[in-house]
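Here's coords15.csv, which has CSV, C-alpha atoms and all ligand atoms:
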```
chain,number,residue,atom,x,y,z
A,1,MET,CA,-8.2,7.5,26.6
A,2,GLU,CA,-4.7,8.7,27.4
A,3,THR,CA,-2.1,8.4,24.6
A,4,GLU,CA,0.2,6.4,26.8
A,5,THR,CA,-2.5,3.9,27.7
A,6,ARG,CA,-3.4,3.5,24.1
A,7,ALA,CA,0.2,3.1,23.1
A,8,ARG,CA,0.8,0.5,25.8
A,9,LEU,CA,-2.2,-1.6,24.6
A,10,ILE,CA,-1.2,-1.4,21.0
A,11,ARG,CA,2.4,-2.4,21.8
A,12,ALA,CA,1.0,-5.4,23.8
A,13,GLY,CA,-0.8,-6.4,20.6
A,14,ASP,CA,-4.3,-5.6,21.8
A,15,ARG,CA,-6.4,-5.9,18.6
A,16,ARG,CA,-9.3,-3.8,19.7
A,17,ALA,CA,-6.9,-1.0,20.6
A,18,LEU,CA,-5.3,-1.3,17.2
A,19,ALA,CA,-8.6,-1.3,15.4
A,20,ARG,CA,-9.7,1.8,17.3
A,21,ALA,CA,-6.4,3.5,16.6
A,22,ILE,CA,-6.8,2.9,12.9
A,23,THR,CA,-10.3,4.5,13.1
A,24,LEU,CA,-8.6,7.4,14.9
A,25,VAL,CA,-6.1,8.0,12.1
A,26,GLU,CA,-8.9,7.7,9.5
A,27,SER,CA,-10.8,10.5,11.2
A,28,GLY,CA,-10.9,13.9,9.6
A,29,ARG,CA,-11.7,15.8,12.9
A,30,ALA,CA,-9.0,18.2,14.0
A,31,ASP,CA,-9.0,17.0,17.6
A,32,HIS,CA,-8.7,13.3,16.4
A,33,ARG,CA,-5.9,14.3,14.2
A,34,GLU,CA,-4.0,15.7,17.1
A,35,GLN,CA,-4.6,12.6,19.2
A,36,ALA,CA,-3.5,10.4,16.2
A,37,LEU,CA,-0.3,12.3,15.8
A,38,ALA,CA,0.5,12.1,19.5
A,39,LEU,CA,-0.2,8.4,19.4
A,40,LEU,CA,2.0,7.8,16.3
A,41,ASP,CA,4.8,9.7,18.0
A,42,ALA,CA,4.5,7.7,21.2
A,43,LEU,CA,4.6,4.5,19.2
A,44,ARG,CA,7.6,5.4,17.0
A,45,ASP,CA,10.1,2.7,17.3
A,46,PRO,CA,12.4,2.1,14.3
A,47,SER,CA,13.5,-1.2,15.7
A,48,ARG,CA,10.0,-2.7,15.4
A,49,GLN,CA,9.7,-3.3,11.6
A,50,ALA,CA,7.3,-5.5,9.7
A,51,LEU,CA,8.0,-6.7,6.2
A,52,ARG,CA,5.7,-4.5,4.2
A,53,ILE,CA,4.3,-6.3,1.1
A,54,GLY,CA,2.2,-4.6,-1.6
A,55,LEU,CA,-0.1,-6.7,-3.7
A,56,SER,CA,-1.9,-5.5,-6.8
A,57,GLY,CA,-4.1,-7.0,-9.4
A,58,THR,CA,-7.3,-6.3,-11.3
A,59,PRO,CA,-10.6,-7.4,-9.8
A,60,GLY,CA,-11.2,-11.1,-10.3
A,61,VAL,CA,-7.5,-12.0,-10.6
A,62,GLY,CA,-7.7,-13.7,-7.2
A,63,LYS,CA,-6.2,-11.2,-4.7
A,64,SER,CA,-8.4,-12.2,-1.8
A,65,THR,CA,-8.0,-15.9,-2.5
A,66,PHE,CA,-4.3,-15.4,-2.7
A,67,ILE,CA,-4.1,-13.3,0.5
A,68,GLU,CA,-6.2,-16.0,2.3
A,69,ALA,CA,-3.9,-18.8,1.2
A,70,PHE,CA,-0.6,-16.9,1.6
A,71,GLY,CA,-1.7,-15.4,4.9
A,72,LEU,CA,-2.7,-18.8,6.3
A,73,MET,CA,0.7,-20.2,5.2
A,74,LEU,CA,2.4,-17.3,7.0
A,75,THR,CA,0.5,-17.7,10.2
A,76,GLY,CA,1.2,-21.4,10.0
A,77,LEU,CA,4.8,-20.5,10.2
A,78,GLY,CA,4.1,-18.7,13.4
A,79,LEU,CA,4.1,-15.2,11.9
A,80,LYS,CA,1.6,-12.4,12.6
A,81,VAL,CA,0.0,-11.0,9.5
A,82,ALA,CA,-1.9,-7.8,9.0
A,83,VAL,CA,-3.9,-7.1,5.9
A,84,LEU,CA,-4.8,-3.5,4.8
A,85,ALA,CA,-6.6,-2.4,1.7
A,86,VAL,CA,-6.2,0.6,-0.5
A,87,ASP,CA,-9.2,1.2,-2.8
A,88,PRO,CA,-9.6,4.8,-3.8
A,89,SER,CA,-12.5,3.8,-6.0
A,90,SER,CA,-14.5,2.3,-3.2
A,91,SER,CA,-16.6,5.4,-2.8
A,92,ARG,CA,-18.3,4.3,-6.0
A,93,SER,CA,-20.2,1.6,-4.2
A,94,GLY,CA,-19.9,3.1,-0.8
A,95,GLY,CA,-18.4,-0.3,0.1
A,96,SER,CA,-14.8,-1.5,0.2
A,97,ILE,CA,-12.7,-4.2,-1.4
A,98,LEU,CA,-12.3,-5.9,1.9
A,99,GLY,CA,-15.7,-5.1,3.2
A,100,ASP,CA,-17.3,-8.3,2.0
A,101,LYS,CA,-17.4,-10.6,4.9
A,102,THR,CA,-17.1,-13.6,2.7
A,103,ARG,CA,-13.6,-12.6,1.6
A,104,MET,CA,-10.8,-14.3,3.5
A,105,GLU,CA,-13.1,-15.9,5.9
A,106,ARG,CA,-10.6,-18.4,7.3
A,107,LEU,CA,-7.8,-15.8,7.6
A,108,SER,CA,-10.1,-13.4,9.4
A,109,ARG,CA,-10.8,-16.0,12.1
A,110,ASP,CA,-7.1,-16.7,12.5
A,111,PRO,CA,-5.9,-15.2,15.9
A,112,ASN,CA,-2.6,-14.3,14.3
A,113,ALA,CA,-4.1,-12.3,11.4
A,114,PHE,CA,-5.7,-8.9,11.4
A,115,ILE,CA,-7.7,-7.7,8.5
A,116,ARG,CA,-8.8,-4.1,8.0
A,117,PRO,CA,-11.1,-3.1,5.2
A,118,SER,CA,-10.6,0.0,3.2
A,119,PRO,CA,-12.7,2.9,4.3
A,120,SER,CA,-14.6,4.7,1.5
A,121,GLN,CA,-12.6,7.8,0.8
A,122,THR,CA,-12.3,9.5,-2.5
A,123,GLN,CA,-9.1,11.4,-2.1
A,124,LEU,CA,-6.0,9.5,-2.9
A,125,GLY,CA,-4.0,11.8,-0.6
A,126,GLY,CA,-6.2,10.9,2.3
A,127,VAL,CA,-6.1,7.2,1.5
A,128,ALA,CA,-2.3,7.3,1.4
A,129,ARG,CA,-1.9,8.9,4.7
A,130,ARG,CA,-4.5,6.6,6.4
A,131,THR,CA,-2.7,3.6,5.0
A,132,ARG,CA,0.7,4.7,5.9
A,133,GLU,CA,-0.3,5.4,9.5
A,134,ALA,CA,-2.2,2.1,9.7
A,135,VAL,CA,1.0,0.4,8.7
A,136,ALA,CA,2.9,2.2,11.4
A,137,LEU,CA,0.3,1.1,13.9
A,138,CYS,CA,0.4,-2.5,12.8
A,139,GLU,CA,4.2,-2.5,13.1
A,140,ALA,CA,4.0,-1.1,16.6
A,141,ALA,CA,1.5,-3.8,17.4
A,142,GLY,CA,4.2,-6.4,16.5
A,143,PHE,CA,3.0,-7.7,13.2
A,144,ASP,CA,5.7,-9.5,11.2
A,145,VAL,CA,4.1,-9.0,7.8
A,146,VAL,CA,1.9,-6.2,6.7
A,147,LEU,CA,0.1,-6.9,3.4
A,148,ILE,CA,-1.4,-4.0,1.5
A,149,GLU,CA,-3.8,-4.9,-1.2
A,150,THR,CA,-4.8,-2.6,-3.9
A,151,VAL,CA,-7.0,-2.9,-7.0
A,152,GLY,CA,-5.2,-2.4,-10.3
A,153,VAL,CA,-6.1,1.1,-11.1
A,154,GLY,CA,-3.2,3.3,-12.0
A,155,GLN,CA,-2.2,5.7,-9.2
A,156,SER,CA,-2.9,3.5,-6.3
A,157,GLU,CA,-0.2,1.1,-7.3
A,158,THR,CA,2.4,3.8,-7.3
A,159,MET,CA,1.2,4.9,-3.9
A,160,VAL,CA,1.4,1.4,-2.4
A,161,ALA,CA,4.8,0.7,-4.0
A,162,GLU,CA,6.0,3.9,-2.2
A,163,MET,CA,5.1,2.6,1.2
A,164,THR,CA,6.1,-1.1,0.9
A,165,ASP,CA,9.4,-3.1,0.8
A,166,ILE,CA,8.2,-5.6,-1.7
A,167,PHE,CA,5.7,-5.3,-4.5
A,168,LEU,CA,3.8,-8.2,-5.9
A,169,LEU,CA,1.7,-8.1,-9.1
A,170,LEU,CA,-1.0,-10.8,-9.5
A,171,LEU,CA,-2.0,-11.7,-13.0
A,172,ALA,CA,-4.3,-14.2,-14.6
A,173,PRO,CA,-3.3,-16.6,-17.3
A,174,ALA,CA,-4.0,-15.1,-20.7
A,175,GLY,CA,-4.4,-16.5,-24.1
A,176,GLY,CA,-2.5,-15.1,-27.0
A,177,ASP,CA,0.8,-13.4,-26.7
A,178,GLU,CA,-0.2,-9.9,-25.7
A,179,LEU,CA,1.1,-8.9,-22.2
A,180,GLN,CA,-2.5,-8.3,-20.9
A,181,GLY,CA,-2.1,-4.6,-21.4
A,182,VAL,CA,-0.1,-4.4,-18.2
A,183,LYS,CA,1.5,-1.0,-18.2
A,184,ARG,CA,5.2,-0.9,-18.3
A,185,GLY,CA,5.3,1.4,-15.2
A,186,ILE,CA,3.5,-1.3,-13.2
A,187,MET,CA,5.8,-4.0,-14.5
A,188,GLU,CA,8.8,-2.0,-13.4
A,189,MET,CA,7.4,-1.6,-9.9
A,190,ALA,CA,6.9,-5.3,-9.4
A,191,ASP,CA,9.5,-7.4,-7.6
A,192,LEU,CA,7.5,-10.6,-8.3
A,193,ILE,CA,4.9,-11.2,-10.9
A,194,LEU,CA,2.6,-14.0,-9.8
A,195,VAL,CA,0.6,-15.8,-12.5
A,196,ASN,CA,-2.4,-17.0,-10.5
A,197,LYS,CA,-4.9,-19.8,-11.4
A,198,ALA,CA,-2.1,-22.1,-12.5
A,199,ASP,CA,-4.3,-25.1,-12.1
A,200,GLY,CA,-6.7,-27.4,-14.0
A,201,GLU,CA,-7.4,-26.4,-17.5
A,202,LEU,CA,-5.7,-23.1,-17.1
A,203,LEU,CA,-2.3,-24.6,-16.3
A,204,PRO,CA,-0.9,-24.7,-19.8
A,205,THR,CA,-2.0,-21.1,-20.4
A,206,ALA,CA,-0.5,-20.1,-17.1
A,207,ARG,CA,2.8,-21.7,-18.1
A,208,ARG,CA,2.9,-19.7,-21.3
A,209,THR,CA,1.9,-16.5,-19.6
A,210,CYS,CA,4.6,-17.0,-17.0
A,211,ALA,CA,7.2,-17.6,-19.7
A,212,ASP,CA,6.1,-14.4,-21.5
A,213,TYR,CA,6.4,-12.3,-18.4
A,214,SER,CA,9.7,-13.8,-17.5
A,215,GLY,CA,10.9,-12.8,-20.9
A,216,ALA,CA,9.5,-9.3,-20.6
A,217,LEU,CA,11.1,-8.8,-17.2
A,218,GLN,CA,14.5,-9.8,-18.5
A,219,LEU,CA,14.2,-7.0,-21.0
A,220,LEU,CA,13.7,-4.4,-18.3
A,221,ARG,CA,16.7,-2.5,-17.1
A,222,ARG,CA,18.4,-4.1,-14.1
A,223,ARG,CA,17.5,-2.1,-11.0
A,224,PRO,CA,20.2,-1.4,-8.4
A,225,GLN,CA,18.0,-2.8,-5.6
A,226,ASP,CA,17.8,-6.2,-7.2
A,227,PRO,CA,20.1,-9.2,-7.0
A,228,THR,CA,20.5,-11.3,-10.1
A,229,GLY,CA,17.3,-13.0,-11.2
A,230,PHE,CA,15.0,-10.3,-9.9
A,231,PRO,CA,12.3,-9.3,-10.7
A,232,LYS,CA,10.9,-12.7,-11.6
A,233,ALA,CA,7.7,-14.3,-12.6
A,234,LEU,CA,6.2,-17.4,-10.8
A,235,MET,CA,3.1,-19.5,-11.2
A,236,VAL,CA,0.8,-19.9,-8.2
A,237,SER,CA,-2.7,-21.3,-7.6
A,238,ALA,CA,-4.3,-19.4,-4.8
A,239,ALA,CA,-7.3,-21.7,-4.9
A,240,GLU,CA,-5.1,-24.8,-4.4
A,241,GLY,CA,-2.6,-23.1,-2.2
A,242,SER,CA,0.3,-24.1,-4.5
A,243,GLY,CA,3.3,-22.0,-4.9
A,244,MET,CA,2.8,-20.2,-1.6
A,245,THR,CA,6.0,-21.4,0.1
A,246,GLU,CA,8.0,-20.6,-3.1
A,247,VAL,CA,6.6,-17.1,-3.1
A,248,TRP,CA,7.6,-16.6,0.5
A,249,ALA,CA,11.1,-18.1,-0.2
A,250,GLU,CA,11.6,-15.6,-3.0
A,251,ILE,CA,10.3,-12.7,-0.9
A,252,THR,CA,12.6,-13.5,2.1
A,253,ALA,CA,15.6,-14.0,-0.3
A,254,LEU,CA,15.0,-10.6,-1.9
A,255,ALA,CA,14.3,-8.8,1.4
A,256,GLY,CA,17.3,-10.4,3.0
A,257,TRP,CA,19.6,-9.3,0.2
A,258,ARG,CA,18.2,-5.8,0.4
A,259,HIS,CA,18.8,-5.7,4.2
A,260,GLU,CA,22.4,-6.9,3.8
A,261,THR,CA,23.2,-4.4,1.0
A,262,GLY,CA,21.7,-1.4,2.7
A,263,HIS,CA,19.0,-1.0,0.0
A,264,HIS,CA,16.2,-1.7,2.6
A,265,ASP,CA,17.2,1.2,4.8
A,266,ARG,CA,17.8,3.5,1.9
A,267,ARG,CA,14.4,2.7,0.4
A,268,ARG,CA,12.7,3.4,3.7
A,269,ALA,CA,14.6,6.6,4.2
A,270,GLU,CA,13.6,7.7,0.7
A,271,GLN,CA,10.0,6.8,1.3
A,272,ALA,CA,9.9,8.8,4.6
A,273,ARG,CA,11.3,11.8,2.7
A,274,HIS,CA,8.7,11.3,0.0
A,275,TRP,CA,5.8,11.1,2.4
A,276,PHE,CA,7.0,14.1,4.4
A,277,GLU,CA,7.0,16.2,1.2
A,278,GLU,CA,3.7,14.8,0.2
A,279,GLU,CA,2.2,15.7,3.6
A,280,VAL,CA,3.4,19.3,3.2
A,281,ARG,CA,1.9,19.4,-0.3
A,282,GLN,CA,-1.4,18.1,1.0
A,283,GLY,CA,-1.4,20.5,3.9
A,284,LEU,CA,-0.9,23.4,1.6
A,285,LEU,CA,-3.8,22.3,-0.6
A,286,ALA,CA,-6.0,21.9,2.4
A,287,ARG,CA,-5.2,25.4,3.5
A,288,LEU,CA,-5.9,26.7,0.1
A,289,SER,CA,-9.4,25.2,0.2
A,290,ALA,CA,-10.0,26.0,3.9
A,291,ASP,CA,-9.5,29.7,3.7
A,292,PRO,CA,-12.6,31.5,2.4
A,293,ALA,CA,-10.7,34.6,1.3
A,294,ILE,CA,-8.3,32.5,-0.7
A,295,ARG,CA,-11.1,30.4,-2.1
A,296,ALA,CA,-12.9,33.5,-3.3
A,297,ARG,CA,-9.7,34.9,-4.8
A,298,MET,CA,-9.1,31.6,-6.6
A,299,GLN,CA,-12.6,31.7,-8.0
A,300,ALA,CA,-12.1,35.3,-9.2
A,301,LEU,CA,-8.7,34.6,-10.7
A,302,GLY,CA,-10.0,31.4,-12.3
A,303,ASP,CA,-12.5,33.5,-14.1
A,304,GLN,CA,-9.8,35.9,-15.2
A,305,VAL,CA,-7.6,33.1,-16.4
A,306,ALA,CA,-10.5,31.7,-18.4
A,307,GLN,CA,-10.7,35.1,-20.1
A,308,GLY,CA,-7.1,35.3,-21.0
A,309,MET,CA,-5.0,36.2,-17.9
A,310,SER,CA,-1.8,34.2,-17.7
A,311,PRO,CA,-2.3,31.1,-15.5
A,312,SER,CA,1.2,31.4,-14.0
A,313,THR,CA,0.7,35.1,-13.0
A,314,ALA,CA,-2.7,34.2,-11.4
A,315,ALA,CA,-1.1,31.2,-9.5
A,316,ALA,CA,1.7,33.5,-8.3
A,317,GLN,CA,-0.9,35.8,-6.8
A,318,VAL,CA,-2.6,33.0,-4.9
A,319,LEU,CA,0.8,31.7,-3.6
A,320,ALA,CA,1.6,35.2,-2.5
A,321,LEU,CA,-1.6,35.2,-0.4
A,322,LEU,CA,-0.6,31.9,1.2
A,323,ALA,CA,2.8,33.2,2.1
A,324,ARG,CA,1.3,36.3,3.6
A,325,GLY,CA,-1.1,34.2,5.6
A,326,SER,CA,1.7,32.2,7.2
A,327,GLY,CA,3.8,35.3,8.0
B,401,LIG,P1,-10.1,-10.6,-6.4
B,401,LIG,O1,-11.2,-9.8,-6.9
B,401,LIG,O2,-8.8,-10.2,-7.1
B,401,LIG,O3,-10.0,-10.5,-4.9
B,401,LIG,O4,-10.4,-12.1,-6.8
B,401,LIG,P2,-11.0,-13.3,-5.9
B,401,LIG,O5,-10.0,-13.8,-4.9
B,401,LIG,O6,-12.3,-12.8,-5.3
B,401,LIG,O7,-11.2,-14.4,-7.0
B,401,LIG,C1,-12.0,-14.2,-8.2
B,401,LIG,C2,-12.4,-15.5,-8.7
B,401,LIG,O8,-11.3,-16.3,-9.2
B,401,LIG,C3,-13.1,-16.4,-7.7
B,401,LIG,O9,-14.2,-17.0,-8.3
B,401,LIG,C4,-12.1,-17.3,-7.2
B,401,LIG,O10,-12.6,-18.6,-6.8
B,401,LIG,C5,-11.3,-17.5,-8.5
B,401,LIG,N1,-9.9,-17.9,-8.2
B,401,LIG,C6,-9.0,-17.3,-7.4
B,401,LIG,N2,-7.8,-17.9,-7.3
B,401,LIG,C7,-7.9,-18.9,-8.1
B,401,LIG,C8,-7.0,-20.0,-8.5
B,401,LIG,O11,-5.9,-20.1,-8.1
B,401,LIG,N3,-7.4,-20.9,-9.4
B,401,LIG,C9,-8.7,-20.8,-10.0
B,401,LIG,N4,-9.0,-21.7,-10.8
B,401,LIG,N5,-9.6,-19.9,-9.6
B,401,LIG,C10,-9.2,-18.9,-8.7
```
Written as structure tokens, how would this file's structure read?
Amino acid sequence: METETRARLIRAGDRRALARAITLVESGRADHREQALALLDALRDPSRQALRIGLSGTPGVGKSTFIEAFGLMLTGLGLKVAVLAVDPSSSRSGGSILGDKTRMERLSRDPNAFIRPSPSQTQLGGVARRTREAVALCEAAGFDVVLIETVGVGQSETMVAEMTDIFLLLLAPAGGDELQGVKRGIMEMADLILVNKADGELLPTARRTCADYSGALQLLRRRPQDPTGFPKALMVSAAEGSGMTEVWAEITALAGWRHETGHHDRRRAEQARHWFEEEVRQGLLARLSADPAIRARMQALGDQVAQGMSPSTAAAQVLALLARGSG
């Protein structure tokens, strides 16, 4: 199909065209890559922006239940919601975190929602690019909110935070006073910490957990991109659907403030710069492994390094080869 036809269908909100375009950006084939880049260029329109929300939490914390409840609340407000998943570990099972059809069943039937499972891909660089481009496609297709879900495993959070406007961390109520081993780095990324399962017997524990995290967040250094009171911790029950409007109110307040103060544009500009540099890095790595001569040289130098050659000297030789190749 022609790029222009594809672009027109996507701009008109055609879901099948959108789904096919996401498949296209996921493809590793060189000719697909070319088509994907042409399509993304044709669709570029900085005036069509969605609110990009990242959501992280360990398996079992209630992410899909939350997305279903939150997503339905948003579509109930007349908003169009896209859900994407980042799961660099999904190659383990060959499946994906959104692959299970029973997840988000009601939301997946909602005509104003679009849910895209995570493809199984091992390389985080590949996942990042695919997700970023899928976000761009969803924005072009006119979605108001793009939710990006990720499992709570280290690097993927950082990656999602670097492509979203707002970052949510979902936690379960926990007994005792330990902060659930949540890494400081992840806490610092969060704009809102949501203590889920604040219902039934878990309510008192959820209350205590929420208070603990509120306290912990207040100890963090104030970030320039935050108005007073942020980041904050809230209680929700995804199962009962409680707290959803409050979460949305906090998100829109925060996003609104960042728009007015220029932090939104600045953050997106920084993110664009980051991903540009990352693409160059990834491209260089790809070239390193694609060129048989360079690969052989790396193998040989690797052996020499193992036997005592300076790693820096060896690396310089490889980089010199790359420079010659591009000359
Ligand atoms: P995910 O792995 O993070 O996507 O978690 P799920 O959404 O699949 O939920 C894991 C389990 O927690 C399921 O058995 C849910 O029914 C349960 N759960 C999710 N949200 C809530 C909630 O708000 N309250 C209670 N009590 N259970 C919940």
Find the nearest atom pair between each residue of segment 9-63 of chain A and segment 131-144 of chain A for residues within 12 Å, count all atoms listed in the file, give distances in Å to one decimal, sort rows by chain and ascending number, and present the table as a Markdown table.
```
| residue | atom | partner | partner_atom | distance |
| --- | --- | --- | --- | --- |
| A:Leu9 | CA | A:Ala141 | CA | 8.4 |
| A:Ile10 | CA | A:Ala141 | CA | 5.1 |
| A:Arg11 | CA | A:Ala141 | CA | 4.7 |
| A:Ala12 | CA | A:Ala141 | CA | 6.6 |
| A:Gly13 | CA | A:Ala141 | CA | 4.7 |
| A:Asp14 | CA | A:Ala141 | CA | 7.5 |
| A:Arg15 | CA | A:Ala141 | CA | 8.3 |
| A:Arg16 | CA | A:Ala141 | CA | 11.0 |
| A:Ala17 | CA | A:Ala141 | CA | 9.4 |
| A:Leu18 | CA | A:Leu137 | CA | 6.9 |
| A:Ala19 | CA | A:Ala134 | CA | 9.2 |
| A:Arg20 | CA | A:Leu137 | CA | 10.6 |
| A:Ala21 | CA | A:Leu137 | CA | 7.6 |
| A:Ile22 | CA | A:Ala134 | CA | 5.7 |
| A:Thr23 | CA | A:Ala134 | CA | 9.1 |
| A:Leu24 | CA | A:Ala134 | CA | 9.8 |
| A:Val25 | CA | A:Glu133 | CA | 6.9 |
| A:Glu26 | CA | A:Thr131 | CA | 8.7 |
| A:Ser27 | CA | A:Glu133 | CA | 11.8 |
| A:Arg33 | CA | A:Glu133 | CA | 11.5 |
| A:Ala36 | CA | A:Glu133 | CA | 9.0 |
| A:Leu37 | CA | A:Glu133 | CA | 9.3 |
| A:Leu39 | CA | A:Leu137 | CA | 9.2 |
| A:Leu40 | CA | A:Leu137 | CA | 7.3 |
| A:Asp41 | CA | A:Ala136 | CA | 10.2 |
| A:Ala42 | CA | A:Ala140 | CA | 9.9 |
| A:Leu43 | CA | A:Ala140 | CA | 6.2 |
| A:Arg44 | CA | A:Ala140 | CA | 7.4 |
| A:Asp45 | CA | A:Ala140 | CA | 7.2 |
| A:Pro46 | CA | A:Ala140 | CA | 9.3 |
| A:Ser47 | CA | A:Ala140 | CA | 9.5 |
| A:Arg48 | CA | A:Glu139 | CA | 6.2 |
| A:Gln49 | CA | A:Glu139 | CA | 5.8 |
| A:Ala50 | CA | A:Asp144 | CA | 4.6 |
| A:Leu51 | CA | A:Asp144 | CA | 6.2 |
| A:Arg52 | CA | A:Val135 | CA | 8.1 |
| A:Ile53 | CA | A:Val135 | CA | 10.7 |
| A:Gly54 | CA | A:Val135 | CA | 11.5 |
```
Serialized selection, C-alpha atoms, as a compact mmCIF listing (two decimals), keeping the file's coordinate frame:
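Output file again24.txt is given in full below:
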```txt
# COMPACT_ATOMS: atom_id res chain seq x y z
CA LEU A 9 -2.20 -1.60 24.60
CA ILE A 10 -1.20 -1.40 21.00
CA ARG A 11 2.40 -2.40 21.80
CA ALA A 12 1.00 -5.40 23.80
CA GLY A 13 -0.80 -6.40 20.60
CA ASP A 14 -4.30 -5.60 21.80
CA ARG A 15 -6.40 -5.90 18.60
CA ARG A 16 -9.30 -3.80 19.70
CA ALA A 17 -6.90 -1.00 20.60
CA LEU A 18 -5.30 -1.30 17.20
CA ALA A 19 -8.60 -1.30 15.40
CA ARG A 20 -9.70 1.80 17.30
CA ALA A 21 -6.40 3.50 16.60
CA ILE A 22 -6.80 2.90 12.90
CA THR A 23 -10.30 4.50 13.10
CA LEU A 24 -8.60 7.40 14.90
CA VAL A 25 -6.10 8.00 12.10
CA GLU A 26 -8.90 7.70 9.50
CA SER A 27 -10.80 10.50 11.20
CA ARG A 33 -5.90 14.30 14.20
CA ALA A 36 -3.50 10.40 16.20
CA LEU A 37 -0.30 12.30 15.80
CA LEU A 39 -0.20 8.40 19.40
CA LEU A 40 2.00 7.80 16.30
CA ASP A 41 4.80 9.70 18.00
CA ALA A 42 4.50 7.70 21.20
CA LEU A 43 4.60 4.50 19.20
CA ARG A 44 7.60 5.40 17.00
CA ASP A 45 10.10 2.70 17.30
CA PRO A 46 12.40 2.10 14.30
CA SER A 47 13.50 -1.20 15.70
CA ARG A 48 10.00 -2.70 15.40
CA GLN A 49 9.70 -3.30 11.60
CA ALA A 50 7.30 -5.50 9.70
CA LEU A 51 8.00 -6.70 6.20
CA ARG A 52 5.70 -4.50 4.20
CA ILE A 53 4.30 -6.30 1.10
CA GLY A 54 2.20 -4.60 -1.60
```
Fill in: Expected answer as a PyMOL selection string: residues within 12 Å of ligand LIG 401 (chain B), all atoms listed in the file
chain A and resi 55-70+85+87+96-105+149-152+169-173+194-203+205-206+235-244
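Across the structure, atom CA of Arg258 of chain A and atom CA of Val182 of chain A are spaced 26.1 Å apart.
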Fill in: Using all atoms listed in the file: which of A:Gly215, A:Pro227, A:Pro311, A:Gly126 has the shortest distance to Glu279 of chain A
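Closest residue, counting all atoms listed in the file: A:Gly126.
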Item to complete: Could you check which of A:Arg29, A:Gln317, A:Gln35, A:His263 is closest to Glu2 of chain A, using all atoms listed in the file?
Response: A:Gln35
Worksheet item: What does the distance between atom CA of Arg129 of chain A and atom CA of Leu147 of chain A come to in Å, to one decimal place?
Response: 16.0 Å
Item to complete: Would you mind listing what lies within 12 Å of Arg221 of chain A as JSON, numbers by chain, with all atoms listed in the file counted and same-chain residues fewer than 6 positions away left out?
Response: {"A": [184, 187, 188, 189, 228, 230, 231]}
Worksheet entry | Using only C-alpha atoms: which of A:Gly71, A:Val86, A:Ile294, A:Ala269 has the shortest distance to Ser108 of chain A | A:Gly71
Worksheet item: If you measure from atom CA of Leu284 of chain A to atom CA of Arg324 of chain A, what distance in Å do you get, rounded to one decimal?
Response: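 A separation of 13.2 Å between them.
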Provide segment 127-136 of chain A of the preceding structure as a file containing N, CA, C and O atoms, as a PDB file, in the first residue's frame.
```pdb
ATOM      1  N   VAL A 127      12.727  -3.071  21.541  1.00  0.00           N
ATOM      2  CA  VAL A 127      11.443  -2.847  22.189  1.00  0.00           C
ATOM      3  C   VAL A 127      11.178  -1.340  22.318  1.00  0.00           C
ATOM      4  O   VAL A 127      10.065  -0.867  22.092  1.00  0.00           O
ATOM      5  N   ALA A 128      12.207  -0.609  22.660  1.00  0.00           N
ATOM      6  CA  ALA A 128      12.061   0.840  22.853  1.00  0.00           C
ATOM      7  C   ALA A 128      11.641   1.507  21.557  1.00  0.00           C
ATOM      8  O   ALA A 128      10.703   2.294  21.533  1.00  0.00           O
ATOM      9  N   ARG A 129      12.317   1.142  20.491  1.00  0.00           N
ATOM     10  CA  ARG A 129      12.005   1.774  19.212  1.00  0.00           C
ATOM     11  C   ARG A 129      10.585   1.437  18.769  1.00  0.00           C
ATOM     12  O   ARG A 129       9.812   2.308  18.401  1.00  0.00           O
ATOM     13  N   ARG A 130      10.264   0.179  18.872  1.00  0.00           N
ATOM     14  CA  ARG A 130       8.935  -0.285  18.465  1.00  0.00           C
ATOM     15  C   ARG A 130       7.853   0.435  19.265  1.00  0.00           C
ATOM     16  O   ARG A 130       6.848   0.882  18.715  1.00  0.00           O
ATOM     17  N   THR A 131       8.072   0.587  20.561  1.00  0.00           N
ATOM     18  CA  THR A 131       7.065   1.215  21.404  1.00  0.00           C
ATOM     19  C   THR A 131       6.936   2.702  21.086  1.00  0.00           C
ATOM     20  O   THR A 131       5.841   3.235  20.964  1.00  0.00           O
ATOM     21  N   ARG A 132       8.069   3.343  20.923  1.00  0.00           N
ATOM     22  CA  ARG A 132       8.071   4.771  20.607  1.00  0.00           C
ATOM     23  C   ARG A 132       7.327   5.033  19.304  1.00  0.00           C
ATOM     24  O   ARG A 132       6.532   5.946  19.179  1.00  0.00           O
ATOM     25  N   GLU A 133       7.609   4.200  18.323  1.00  0.00           N
ATOM     26  CA  GLU A 133       6.966   4.389  17.026  1.00  0.00           C
ATOM     27  C   GLU A 133       5.486   4.039  17.092  1.00  0.00           C
ATOM     28  O   GLU A 133       4.662   4.683  16.446  1.00  0.00           O
ATOM     29  N   ALA A 134       5.139   3.038  17.885  1.00  0.00           N
ATOM     30  CA  ALA A 134       3.723   2.701  18.061  1.00  0.00           C
ATOM     31  C   ALA A 134       2.985   3.869  18.735  1.00  0.00           C
ATOM     32  O   ALA A 134       1.844   4.176  18.384  1.00  0.00           O
ATOM     33  N   VAL A 135       3.634   4.520  19.677  1.00  0.00           N
ATOM     34  CA  VAL A 135       3.032   5.690  20.329  1.00  0.00           C
ATOM     35  C   VAL A 135       2.766   6.776  19.289  1.00  0.00           C
ATOM     36  O   VAL A 135       1.675   7.353  19.229  1.00  0.00           O
ATOM     37  N   ALA A 136       3.758   7.013  18.440  1.00  0.00           N
ATOM     38  CA  ALA A 136       3.604   8.039  17.402  1.00  0.00           C
ATOM     39  C   ALA A 136       2.430   7.705  16.480  1.00  0.00           C
ATOM     40  O   ALA A 136       1.645   8.580  16.096  1.00  0.00           O
TER      41      ALA A 136
END
```
